[in-house]
>>> print(open('input18.pdb').read())   # PDB, N, CA, C and O atoms
ATOM      1  N   MET L   8      -4.062 -16.898  -5.838
ATOM      2  CA  MET L   8      -4.683 -16.901  -4.538
ATOM      3  C   MET L   8      -4.943 -15.459  -4.102
ATOM      4  O   MET L   8      -4.086 -14.598  -4.221
ATOM      5  N   LYS L   9      -6.127 -15.204  -3.597
ATOM      6  CA  LYS L   9      -6.533 -13.869  -3.176
ATOM      7  C   LYS L   9      -6.283 -13.693  -1.679
ATOM      8  O   LYS L   9      -6.596 -14.574  -0.891
ATOM      9  N   LYS L  10      -5.697 -12.541  -1.327
ATOM     10  CA  LYS L  10      -5.424 -12.266   0.081
ATOM     11  C   LYS L  10      -5.690 -10.791   0.354
ATOM     12  O   LYS L  10      -5.323  -9.928  -0.428
ATOM     13  N   THR L  11      -6.334 -10.515   1.482
ATOM     14  CA  THR L  11      -6.583  -9.140   1.920
ATOM     15  C   THR L  11      -5.883  -8.926   3.256
ATOM     16  O   THR L  11      -5.966  -9.776   4.138
ATOM     17  N   ILE L  12      -5.180  -7.795   3.372
ATOM     18  CA  ILE L  12      -4.528  -7.470   4.642
ATOM     19  C   ILE L  12      -5.002  -6.102   5.126
ATOM     20  O   ILE L  12      -5.401  -5.253   4.332
ATOM     21  N   HIS L  13      -4.942  -5.931   6.416
ATOM     22  CA  HIS L  13      -5.264  -4.670   7.086
ATOM     23  C   HIS L  13      -3.957  -4.227   7.738
ATOM     24  O   HIS L  13      -3.466  -4.892   8.639
ATOM     25  N   TYR L  14      -3.375  -3.142   7.255
ATOM     26  CA  TYR L  14      -2.070  -2.678   7.735
ATOM     27  C   TYR L  14      -2.238  -1.366   8.490
ATOM     28  O   TYR L  14      -2.724  -0.380   7.936
ATOM     29  N   THR L  15      -1.832  -1.352   9.749
ATOM     30  CA  THR L  15      -1.870  -0.137  10.561
ATOM     31  C   THR L  15      -0.611   0.672  10.266
ATOM     32  O   THR L  15       0.503   0.178  10.451
ATOM     33  N   THR L  16      -0.800   1.898   9.807
ATOM     34  CA  THR L  16       0.331   2.744   9.421
ATOM     35  C   THR L  16       0.984   3.383  10.644
ATOM     36  O   THR L  16       0.383   3.450  11.719
ATOM     37  N   GLN L  17       2.197   3.869  10.442
ATOM     38  CA  GLN L  17       2.939   4.543  11.508
ATOM     39  C   GLN L  17       3.597   5.799  10.962
ATOM     40  O   GLN L  17       4.213   5.764   9.896
ATOM     41  N   GLY L  18       3.435   6.917  11.689
ATOM     42  CA  GLY L  18       4.141   8.146  11.341
ATOM     43  C   GLY L  18       3.542   8.941  10.193
ATOM     44  O   GLY L  18       4.201   9.823   9.649
ATOM     45  N   VAL L  19       2.299   8.627   9.804
ATOM     46  CA  VAL L  19       1.655   9.334   8.700
ATOM     47  C   VAL L  19       0.227   9.713   9.087
ATOM     48  O   VAL L  19      -0.284   9.284  10.123
ATOM     49  N   CYS L  20      -0.421  10.485   8.241
ATOM     50  CA  CYS L  20      -1.788  10.936   8.514
ATOM     51  C   CYS L  20      -2.820   9.831   8.357
ATOM     52  O   CYS L  20      -3.828   9.827   9.059
ATOM     53  N   SER L  21      -2.603   8.912   7.428
ATOM     54  CA  SER L  21      -3.561   7.811   7.285
ATOM     55  C   SER L  21      -3.435   6.881   8.489
ATOM     56  O   SER L  21      -2.365   6.765   9.090
ATOM     57  N   VAL L  22      -4.532   6.233   8.838
ATOM     58  CA  VAL L  22      -4.586   5.383  10.025
ATOM     59  C   VAL L  22      -4.294   3.926   9.679
ATOM     60  O   VAL L  22      -3.600   3.230  10.404
ATOM     61  N   TYR L  23      -4.850   3.490   8.557
ATOM     62  CA  TYR L  23      -4.604   2.122   8.108
ATOM     63  C   TYR L  23      -4.808   2.024   6.602
ATOM     64  O   TYR L  23      -5.358   2.926   5.964
ATOM     65  N   ILE L  24      -4.347   0.892   6.051
ATOM     66  CA  ILE L  24      -4.506   0.600   4.627
ATOM     67  C   ILE L  24      -5.054  -0.816   4.514
ATOM     68  O   ILE L  24      -4.515  -1.741   5.117
ATOM     69  N   ASP L  25      -6.124  -0.977   3.751
ATOM     70  CA  ASP L  25      -6.641  -2.299   3.414
ATOM     71  C   ASP L  25      -6.233  -2.597   1.976
ATOM     72  O   ASP L  25      -6.486  -1.780   1.079
ATOM     73  N   ILE L  26      -5.601  -3.746   1.777
ATOM     74  CA  ILE L  26      -5.058  -4.099   0.468
ATOM     75  C   ILE L  26      -5.519  -5.502   0.095
ATOM     76  O   ILE L  26      -5.410  -6.426   0.898
ATOM     77  N   THR L  27      -6.014  -5.641  -1.126
ATOM     78  CA  THR L  27      -6.351  -6.957  -1.657
ATOM     79  C   THR L  27      -5.409  -7.258  -2.807
ATOM     80  O   THR L  27      -5.259  -6.451  -3.733
ATOM     81  N   VAL L  28      -4.775  -8.419  -2.727
ATOM     82  CA  VAL L  28      -3.820  -8.875  -3.733
ATOM     83  C   VAL L  28      -4.260 -10.244  -4.215
ATOM     84  O   VAL L  28      -4.718 -11.067  -3.418
ATOM     85  N   GLU L  29      -4.124 -10.466  -5.505
ATOM     86  CA  GLU L  29      -4.453 -11.772  -6.070
ATOM     87  C   GLU L  29      -3.368 -12.155  -7.068
ATOM     88  O   GLU L  29      -3.086 -11.404  -8.010
ATOM     89  N   ASP L  30      -2.753 -13.310  -6.824
ATOM     90  CA  ASP L  30      -1.698 -13.828  -7.703
ATOM     91  C   ASP L  30      -0.599 -12.795  -7.960
ATOM     92  O   ASP L  30      -0.130 -12.623  -9.092
ATOM     93  N   GLY L  31      -0.194 -12.078  -6.905
ATOM     94  CA  GLY L  31       0.901 -11.122  -7.013
ATOM     95  C   GLY L  31       0.525  -9.791  -7.636
ATOM     96  O   GLY L  31       1.386  -8.963  -7.915
ATOM     97  N   ILE L  32      -0.777  -9.570  -7.864
ATOM     98  CA  ILE L  32      -1.257  -8.337  -8.482
ATOM     99  C   ILE L  32      -2.141  -7.587  -7.478
ATOM    100  O   ILE L  32      -2.996  -8.176  -6.830
ATOM    101  N   VAL L  33      -1.931  -6.263  -7.377
ATOM    102  CA  VAL L  33      -2.763  -5.437  -6.498
ATOM    103  C   VAL L  33      -4.139  -5.309  -7.142
ATOM    104  O   VAL L  33      -4.260  -4.853  -8.280
ATOM    105  N   ARG L  34      -5.168  -5.718  -6.417
ATOM    106  CA  ARG L  34      -6.541  -5.663  -6.933
ATOM    107  C   ARG L  34      -7.339  -4.509  -6.345
ATOM    108  O   ARG L  34      -8.186  -3.939  -7.025
ATOM    109  N   ASP L  35      -7.088  -4.160  -5.070
ATOM    110  CA  ASP L  35      -7.844  -3.080  -4.440
ATOM    111  C   ASP L  35      -7.035  -2.499  -3.288
ATOM    112  O   ASP L  35      -6.334  -3.235  -2.593
ATOM    113  N   VAL L  36      -7.143  -1.186  -3.101
ATOM    114  CA  VAL L  36      -6.441  -0.496  -2.015
ATOM    115  C   VAL L  36      -7.378   0.546  -1.422
ATOM    116  O   VAL L  36      -8.036   1.285  -2.155
ATOM    117  N   TYR L  37      -7.431   0.609  -0.092
ATOM    118  CA  TYR L  37      -8.229   1.615   0.588
ATOM    119  C   TYR L  37      -7.406   2.197   1.732
ATOM    120  O   TYR L  37      -6.915   1.461   2.588
ATOM    121  N   PHE L  38      -7.237   3.517   1.733
ATOM    122  CA  PHE L  38      -6.561   4.229   2.811
ATOM    123  C   PHE L  38      -7.616   4.892   3.682
ATOM    124  O   PHE L  38      -8.511   5.569   3.168
ATOM    125  N   GLU L  39      -7.502   4.739   4.990
ATOM    126  CA  GLU L  39      -8.364   5.450   5.934
ATOM    127  C   GLU L  39      -7.579   6.646   6.461
ATOM    128  O   GLU L  39      -6.516   6.486   7.057
ATOM    129  N   GLY L  40      -8.109   7.848   6.222
ATOM    130  CA  GLY L  40      -7.424   9.063   6.635
ATOM    131  C   GLY L  40      -6.408   9.491   5.590
ATOM    132  O   GLY L  40      -6.297   8.899   4.524
ATOM    133  N   GLY L  41      -5.691  10.535   5.902
ATOM    134  CA  GLY L  41      -4.676  11.034   4.977
ATOM    135  C   GLY L  41      -5.254  11.998   3.961
ATOM    136  O   GLY L  41      -6.394  12.451   4.077
ATOM    137  N   CYS L  42      -4.494  12.311   2.951
ATOM    138  CA  CYS L  42      -4.893  13.240   1.889
ATOM    139  C   CYS L  42      -5.783  12.490   0.899
ATOM    140  O   CYS L  42      -5.292  11.809   0.004
ATOM    141  N   ASN L  43      -7.076  12.622   1.078
ATOM    142  CA  ASN L  43      -8.059  11.808   0.385
ATOM    143  C   ASN L  43      -7.862  11.745  -1.131
ATOM    144  O   ASN L  43      -7.807  10.662  -1.717
ATOM    145  N   GLY L  44      -7.769  12.879  -1.788
ATOM    146  CA  GLY L  44      -7.633  12.891  -3.245
ATOM    147  C   GLY L  44      -6.367  12.198  -3.722
ATOM    148  O   GLY L  44      -6.395  11.396  -4.662
ATOM    149  N   ASN L  45      -5.245  12.501  -3.078
ATOM    150  CA  ASN L  45      -3.977  11.885  -3.467
ATOM    151  C   ASN L  45      -4.004  10.370  -3.267
ATOM    152  O   ASN L  45      -3.529   9.609  -4.118
ATOM    153  N   LEU L  46      -4.554   9.941  -2.144
ATOM    154  CA  LEU L  46      -4.559   8.514  -1.849
ATOM    155  C   LEU L  46      -5.551   7.752  -2.724
ATOM    156  O   LEU L  46      -5.287   6.602  -3.099
ATOM    157  N   GLN L  47      -6.647   8.397  -3.103
ATOM    158  CA  GLN L  47      -7.549   7.769  -4.066
ATOM    159  C   GLN L  47      -6.841   7.607  -5.407
ATOM    160  O   GLN L  47      -6.981   6.577  -6.074
ATOM    161  N   GLY L  48      -6.091   8.626  -5.791
ATOM    162  CA  GLY L  48      -5.340   8.578  -7.052
ATOM    163  C   GLY L  48      -4.309   7.458  -7.041
ATOM    164  O   GLY L  48      -4.212   6.688  -8.008
ATOM    165  N   ILE L  49      -3.539   7.351  -5.953
ATOM    166  CA  ILE L  49      -2.548   6.280  -5.843
ATOM    167  C   ILE L  49      -3.244   4.922  -5.920
ATOM    168  O   ILE L  49      -2.792   4.017  -6.632
ATOM    169  N   SER L  50      -4.361   4.783  -5.205
ATOM    170  CA  SER L  50      -5.094   3.515  -5.193
ATOM    171  C   SER L  50      -5.517   3.111  -6.597
ATOM    172  O   SER L  50      -5.412   1.931  -6.972
ATOM    173  N   LEU L  51      -5.979   4.054  -7.396
ATOM    174  CA  LEU L  51      -6.404   3.754  -8.759
ATOM    175  C   LEU L  51      -5.214   3.450  -9.670
ATOM    176  O   LEU L  51      -5.289   2.568 -10.526
ATOM    177  N   LEU L  52      -4.120   4.172  -9.481
ATOM    178  CA  LEU L  52      -2.954   3.970 -10.329
ATOM    179  C   LEU L  52      -2.293   2.616 -10.133
ATOM    180  O   LEU L  52      -1.738   2.042 -11.072
ATOM    181  N   VAL L  53      -2.328   2.082  -8.910
ATOM    182  CA  VAL L  53      -1.622   0.820  -8.647
ATOM    183  C   VAL L  53      -2.474  -0.413  -8.916
ATOM    184  O   VAL L  53      -1.937  -1.527  -8.965
ATOM    185  N   LYS L  54      -3.775  -0.246  -9.109
ATOM    186  CA  LYS L  54      -4.628  -1.402  -9.410
ATOM    187  C   LYS L  54      -4.132  -2.083 -10.674
ATOM    188  O   LYS L  54      -3.884  -1.431 -11.692
ATOM    189  N   GLY L  55      -3.961  -3.386 -10.592
ATOM    190  CA  GLY L  55      -3.486  -4.157 -11.733
ATOM    191  C   GLY L  55      -1.977  -4.267 -11.827
ATOM    192  O   GLY L  55      -1.456  -4.962 -12.690
ATOM    193  N   MET L  56      -1.260  -3.576 -10.935
ATOM    194  CA  MET L  56       0.204  -3.638 -10.955
ATOM    195  C   MET L  56       0.714  -4.818 -10.138
ATOM    196  O   MET L  56       0.081  -5.243  -9.172
ATOM    197  N   LYS L  57       1.896  -5.298 -10.495
ATOM    198  CA  LYS L  57       2.571  -6.336  -9.722
ATOM    199  C   LYS L  57       3.060  -5.727  -8.412
ATOM    200  O   LYS L  57       3.504  -4.571  -8.371
ATOM    201  N   ILE L  58       2.997  -6.544  -7.352
ATOM    202  CA  ILE L  58       3.439  -6.090  -6.029
ATOM    203  C   ILE L  58       4.847  -5.510  -6.079
ATOM    204  O   ILE L  58       5.107  -4.434  -5.543
ATOM    205  N   ASP L  59       5.766  -6.211  -6.718
ATOM    206  CA  ASP L  59       7.160  -5.762  -6.754
ATOM    207  C   ASP L  59       7.313  -4.419  -7.459
ATOM    208  O   ASP L  59       8.150  -3.598  -7.065
ATOM    209  N   ASP L  60       6.522  -4.177  -8.490
ATOM    210  CA  ASP L  60       6.592  -2.894  -9.198
ATOM    211  C   ASP L  60       6.096  -1.753  -8.312
ATOM    212  O   ASP L  60       6.675  -0.664  -8.312
ATOM    213  N   VAL L  61       5.039  -1.990  -7.539
ATOM    214  CA  VAL L  61       4.519  -0.970  -6.633
ATOM    215  C   VAL L  61       5.556  -0.664  -5.557
ATOM    216  O   VAL L  61       5.844   0.508  -5.271
ATOM    217  N   ILE L  62       6.146  -1.706  -4.974
ATOM    218  CA  ILE L  62       7.168  -1.510  -3.944
ATOM    219  C   ILE L  62       8.327  -0.693  -4.501
ATOM    220  O   ILE L  62       8.783   0.277  -3.875
ATOM    221  N   GLU L  63       8.791  -1.052  -5.685
ATOM    222  CA  GLU L  63       9.921  -0.359  -6.302
ATOM    223  C   GLU L  63       9.638   1.129  -6.504
ATOM    224  O   GLU L  63      10.495   1.972  -6.269
ATOM    225  N   ARG L  64       8.420   1.462  -6.885
ATOM    226  CA  ARG L  64       8.077   2.856  -7.162
ATOM    227  C   ARG L  64       7.800   3.681  -5.912
ATOM    228  O   ARG L  64       8.076   4.876  -5.884
ATOM    229  N   LEU L  65       7.233   3.056  -4.875
ATOM    230  CA  LEU L  65       6.768   3.831  -3.726
ATOM    231  C   LEU L  65       7.662   3.766  -2.487
ATOM    232  O   LEU L  65       7.582   4.654  -1.632
ATOM    233  N   GLU L  66       8.487   2.750  -2.388
ATOM    234  CA  GLU L  66       9.332   2.602  -1.202
ATOM    235  C   GLU L  66      10.301   3.773  -1.097
ATOM    236  O   GLU L  66      10.933   4.167  -2.074
ATOM    237  N   GLY L  67      10.377   4.354   0.097
ATOM    238  CA  GLY L  67      11.331   5.426   0.352
ATOM    239  C   GLY L  67      10.803   6.828   0.084
ATOM    240  O   GLY L  67      11.516   7.805   0.297
ATOM    241  N   VAL L  68       9.559   6.951  -0.365
ATOM    242  CA  VAL L  68       8.968   8.274  -0.582
ATOM    243  C   VAL L  68       8.756   8.927   0.785
ATOM    244  O   VAL L  68       8.277   8.292   1.719
ATOM    245  N   HIS L  69       9.137  10.188   0.902
ATOM    246  CA  HIS L  69       8.986  10.927   2.156
ATOM    247  C   HIS L  69       7.887  11.972   2.011
ATOM    248  O   HIS L  69       7.623  12.455   0.930
ATOM    249  N   CYS L  70       7.261  12.330   3.126
ATOM    250  CA  CYS L  70       6.247  13.378   3.166
ATOM    251  C   CYS L  70       6.810  14.528   3.988
ATOM    252  O   CYS L  70       6.910  14.428   5.219
ATOM    253  N   GLY L  71       7.207  15.584   3.310
ATOM    254  CA  GLY L  71       7.818  16.715   4.007
ATOM    255  C   GLY L  71       9.066  16.270   4.748
ATOM    256  O   GLY L  71       9.922  15.589   4.195
ATOM    257  N   SER L  72       9.147  16.595   6.029
ATOM    258  CA  SER L  72      10.319  16.235   6.826
ATOM    259  C   SER L  72      10.185  14.861   7.487
ATOM    260  O   SER L  72      11.092  14.424   8.194
ATOM    261  N   LYS L  73       9.046  14.188   7.256
ATOM    262  CA  LYS L  73       8.849  12.854   7.844
ATOM    263  C   LYS L  73       9.750  11.836   7.155
ATOM    264  O   LYS L  73      10.069  11.966   5.976
ATOM    265  N   ALA L  74      10.118  10.808   7.895
ATOM    266  CA  ALA L  74      10.971   9.748   7.354
ATOM    267  C   ALA L  74      10.187   8.744   6.521
ATOM    268  O   ALA L  74      10.766   7.820   5.955
ATOM    269  N   THR L  75       8.881   8.923   6.424
ATOM    270  CA  THR L  75       8.021   8.012   5.675
ATOM    271  C   THR L  75       6.890   8.814   5.043
ATOM    272  O   THR L  75       6.880  10.032   5.103
ATOM    273  N   SER L  76       5.960   8.128   4.411
ATOM    274  CA  SER L  76       4.793   8.750   3.782
ATOM    275  C   SER L  76       3.724   7.668   3.630
ATOM    276  O   SER L  76       3.989   6.484   3.857
ATOM    277  N   CYS L  77       2.546   8.065   3.222
ATOM    278  CA  CYS L  77       1.503   7.061   2.969
ATOM    279  C   CYS L  77       1.918   6.090   1.853
ATOM    280  O   CYS L  77       1.743   4.882   2.001
ATOM    281  N   PRO L  78       2.508   6.579   0.742
ATOM    282  CA  PRO L  78       2.975   5.634  -0.273
ATOM    283  C   PRO L  78       4.060   4.686   0.259
ATOM    284  O   PRO L  78       4.062   3.495  -0.054
ATOM    285  N   ASP L  79       4.972   5.213   1.075
ATOM    286  CA  ASP L  79       6.014   4.369   1.668
ATOM    287  C   ASP L  79       5.405   3.334   2.606
ATOM    288  O   ASP L  79       5.822   2.166   2.601
ATOM    289  N   GLN L  80       4.407   3.726   3.370
ATOM    290  CA  GLN L  80       3.723   2.783   4.258
ATOM    291  C   GLN L  80       3.019   1.697   3.438
ATOM    292  O   GLN L  80       2.999   0.530   3.826
ATOM    293  N   PHE L  81       2.468   2.067   2.314
ATOM    294  CA  PHE L  81       1.845   1.110   1.408
ATOM    295  C   PHE L  81       2.883   0.095   0.930
ATOM    296  O   PHE L  81       2.641  -1.123   0.940
ATOM    297  N   ALA L  82       4.055   0.573   0.531
ATOM    298  CA  ALA L  82       5.132  -0.322   0.100
ATOM    299  C   ALA L  82       5.544  -1.255   1.243
ATOM    300  O   ALA L  82       5.770  -2.450   1.027
ATOM    301  N   ARG L  83       5.621  -0.730   2.456
ATOM    302  CA  ARG L  83       5.972  -1.563   3.613
ATOM    303  C   ARG L  83       4.911  -2.631   3.857
ATOM    304  O   ARG L  83       5.231  -3.775   4.203
ATOM    305  N   ALA L  84       3.650  -2.256   3.685
ATOM    306  CA  ALA L  84       2.560  -3.234   3.851
ATOM    307  C   ALA L  84       2.688  -4.358   2.827
ATOM    308  O   ALA L  84       2.510  -5.529   3.155
ATOM    309  N   LEU L  85       3.006  -4.004   1.591
ATOM    310  CA  LEU L  85       3.169  -5.020   0.554
ATOM    311  C   LEU L  85       4.373  -5.923   0.839
ATOM    312  O   LEU L  85       4.316  -7.130   0.606
ATOM    313  N   LYS L  86       5.443  -5.338   1.364
ATOM    314  CA  LYS L  86       6.611  -6.162   1.724
ATOM    315  C   LYS L  86       6.255  -7.137   2.844
ATOM    316  O   LYS L  86       6.674  -8.289   2.828
ATOM    317  N   LYS L  87       5.461  -6.671   3.796
ATOM    318  CA  LYS L  87       5.021  -7.543   4.892
ATOM    319  C   LYS L  87       4.166  -8.678   4.333
ATOM    320  O   LYS L  87       4.348  -9.841   4.706
ATOM    321  N   LEU L  88       3.259  -8.344   3.438
ATOM    322  CA  LEU L  88       2.412  -9.362   2.820
ATOM    323  C   LEU L  88       3.264 -10.399   2.091
ATOM    324  O   LEU L  88       3.029 -11.599   2.224
ATOM    325  N   LYS L  89       4.258  -9.947   1.355
ATOM    326  CA  LYS L  89       5.145 -10.881   0.644
ATOM    327  C   LYS L  89       5.892 -11.791   1.605
ATOM    328  O   LYS L  89       6.050 -12.974   1.345
ATOM    329  N   SER L  90       6.345 -11.246   2.736
ATOM    330  CA  SER L  90       7.119 -12.038   3.685
ATOM    331  C   SER L  90       6.260 -13.094   4.399
ATOM    332  O   SER L  90       6.779 -14.093   4.871
ATOM    333  N   GLU L  91       4.951 -12.841   4.447
ATOM    334  CA  GLU L  91       4.039 -13.790   5.098
ATOM    335  C   GLU L  91       3.669 -14.955   4.185
ATOM    336  O   GLU L  91       3.109 -15.934   4.632
ATOM    337  N   ASN L  92       3.955 -14.815   2.889
ATOM    338  CA  ASN L  92       3.614 -15.883   1.936
ATOM    339  C   ASN L  92       4.763 -16.807   1.681
ATOM    340  O   ASN L  92       5.852 -16.634   1.824
TER     341      ASN L  92
END
>>> encode(input="input18.pdb", output="structure tokens")
Amino acid sequence: MKKTIHYTTQGVCSVYIDITVEDGIVRDVYFEGGCNGNLQGISLLVKGMKIDDVIERLEGVHCGSKATSCPDQFARALKKLKSEN
């Protein structure tokens, strides 16, 4: 089953993340704002990965002195998506 979510980030430079998941696999990711090159790279690297693998790798990543980061926000968005299913 294919599902797309729009996740509003908190505490980071990106404003939101649009994520498309199908059958537990990340199919597409788009970050609005943030460090464009890095976030494009992350988006390409996670395509085709299982949701749980992405969460495991990105959850808890910090950006400088912030308690979160764009990758951590992405992991939180995926956890929210999982909890809604």
>>> atom_distance(input="input18.pdb", atom1="atom CA of L:Ser90", atom2="atom CA of L:Asn45")
27.3 Å
>>> select_by_dssp(input="input18.pdb", residues="chain L", states="alpha helix (DSSP H)", output="ChimeraX atom specification")
/L:43-53,58-65,77-91
>>> select_by_dssp(input="input18.pdb", residues="chain L", states="strand (DSSP E or B)", output="MDAnalysis selection string")
chainID L and resid 9:15 21:29 32:40 57
>>> residues_around(input="input18.pdb", residues="L:Tyr23", least_positions_apart="6", cutoff="6 Å", atoms="only N, CA, C and O atoms", output="tab-separated table (two decimals) with N, CA, C and O atoms, in the coordinates of the input")
chain	number	residue	atom	x	y	z
L	14	TYR	N	-3.38	-3.14	7.26
L	14	TYR	CA	-2.07	-2.68	7.74
L	14	TYR	C	-2.24	-1.37	8.49
L	14	TYR	O	-2.72	-0.38	7.94
L	15	THR	N	-1.83	-1.35	9.75
L	15	THR	CA	-1.87	-0.14	10.56
L	15	THR	C	-0.61	0.67	10.27
L	15	THR	O	0.50	0.18	10.45
L	16	THR	N	-0.80	1.90	9.81
L	16	THR	CA	0.33	2.74	9.42
L	16	THR	C	0.98	3.38	10.64
L	16	THR	O	0.38	3.45	11.72
L	37	TYR	N	-7.43	0.61	-0.09
L	37	TYR	CA	-8.23	1.62	0.59
L	37	TYR	C	-7.41	2.20	1.73
L	37	TYR	O	-6.92	1.46	2.59
L	38	PHE	N	-7.24	3.52	1.73
L	38	PHE	CA	-6.56	4.23	2.81
L	38	PHE	C	-7.62	4.89	3.68
L	38	PHE	O	-8.51	5.57	3.17
L	39	GLU	N	-7.50	4.74	4.99
L	39	GLU	CA	-8.36	5.45	5.93
L	39	GLU	C	-7.58	6.65	6.46
L	39	GLU	O	-6.52	6.49	7.06
L	40	GLY	N	-8.11	7.85	6.22
L	40	GLY	CA	-7.42	9.06	6.64
L	40	GLY	C	-6.41	9.49	5.59
L	40	GLY	O	-6.30	8.90	4.52
>>> atom_distance(input="input18.pdb", atom1="atom CA of L:Glu29", atom2="atom C of L:Thr75")
26.0 Å
>>> resolve_selection(input="input18.pdb", expression="the PyMOL selection byres ((chain L and resi 19) around 7)", output="MDAnalysis selection string")
chainID L and resid 16:18 20:22 41 75:77
>>> resolve_selection(input="input18.pdb", expression="the PyMOL selection byres (((chain L and resi 28 and name CA) around 10) and name CA)", output="ChimeraX atom specification")
/L:8-12,26-27,29-36,54-58,85,88
>>> atom_distance(input="input18.pdb", atom1="atom CA of L:Asp79", atom2="atom CA of L:Val61")
10.0 Å
>>> closest_residue(input="input18.pdb", among="L:Lys73, L:Leu46, L:Ile62, L:Asp25", to="L:Lys86", atoms="only N, CA, C and O atoms")
L:Ile62
>>> residues_around(input="input18.pdb", residues="L:Glu66", least_positions_apart="3", cutoff="8 Å", atoms="only C-alpha atoms", output="list in words")
Ile62, Glu63, Pro78, Asp79, Gln80, Ala82 and Arg83 of chain L
>>> decode(input="input18.pdb", residues="stretch 38-49 of chain L", atoms="N, CA, C and O atoms", output="mmCIF file, in the first residue's frame")
data_model
loop_
_atom_site.group_PDB
_atom_site.id
_atom_site.type_symbol
_atom_site.label_atom_id
_atom_site.label_comp_id
_atom_site.auth_asym_id
_atom_site.auth_seq_id
_atom_site.Cartn_x
_atom_site.Cartn_y
_atom_site.Cartn_z
ATOM 1 N N PHE L 38 12.734 17.304 1.070
ATOM 2 C CA PHE L 38 12.892 18.251 2.167
ATOM 3 C C PHE L 38 12.731 19.657 1.612
ATOM 4 O O PHE L 38 13.357 20.003 0.606
ATOM 5 N N GLU L 39 11.935 20.479 2.273
ATOM 6 C CA GLU L 39 11.817 21.895 1.925
ATOM 7 C C GLU L 39 12.688 22.681 2.899
ATOM 8 O O GLU L 39 12.478 22.630 4.109
ATOM 9 N N GLY L 40 13.677 23.397 2.358
ATOM 10 C CA GLY L 40 14.601 24.147 3.194
ATOM 11 C C GLY L 40 15.735 23.258 3.675
ATOM 12 O O GLY L 40 15.847 22.099 3.297
ATOM 13 N N GLY L 41 16.582 23.824 4.490
ATOM 14 C CA GLY L 41 17.709 23.065 5.024
ATOM 15 C C GLY L 41 18.908 23.095 4.098
ATOM 16 O O GLY L 41 18.960 23.861 3.135
ATOM 17 N N CYS L 42 19.873 22.259 4.359
ATOM 18 C CA CYS L 42 21.108 22.170 3.572
ATOM 19 C C CYS L 42 20.824 21.344 2.319
ATOM 20 O O CYS L 42 20.856 20.118 2.354
ATOM 21 N N ASN L 43 20.545 22.027 1.235
ATOM 22 C CA ASN L 43 20.031 21.414 0.022
ATOM 23 C C ASN L 43 20.832 20.202 -0.455
ATOM 24 O O ASN L 43 20.273 19.129 -0.693
ATOM 25 N N GLY L 44 22.128 20.344 -0.615
ATOM 26 C CA GLY L 44 22.946 19.240 -1.120
ATOM 27 C C GLY L 44 22.919 18.025 -0.206
ATOM 28 O O GLY L 44 22.760 16.888 -0.662
ATOM 29 N N ASN L 45 23.074 18.255 1.093
ATOM 30 C CA ASN L 45 23.064 17.149 2.050
ATOM 31 C C ASN L 45 21.716 16.430 2.061
ATOM 32 O O ASN L 45 21.655 15.195 2.098
ATOM 33 N N LEU L 46 20.644 17.203 2.034
ATOM 34 C CA LEU L 46 19.321 16.595 2.109
ATOM 35 C C LEU L 46 18.944 15.883 0.812
ATOM 36 O O LEU L 46 18.265 14.848 0.851
ATOM 37 N N GLN L 47 19.425 16.383 -0.317
ATOM 38 C CA GLN L 47 19.225 15.652 -1.567
ATOM 39 C C GLN L 47 19.966 14.320 -1.510
ATOM 40 O O GLN L 47 19.452 13.291 -1.957
ATOM 41 N N GLY L 48 21.171 14.353 -0.966
ATOM 42 C CA GLY L 48 21.973 13.130 -0.832
ATOM 43 C C GLY L 48 21.285 12.111 0.066
ATOM 44 O O GLY L 48 21.195 10.927 -0.289
ATOM 45 N N ILE L 49 20.790 12.558 1.225
ATOM 46 C CA ILE L 49 20.081 11.654 2.131
ATOM 47 C C ILE L 49 18.858 11.070 1.425
ATOM 48 O O ILE L 49 18.602 9.862 1.497
#
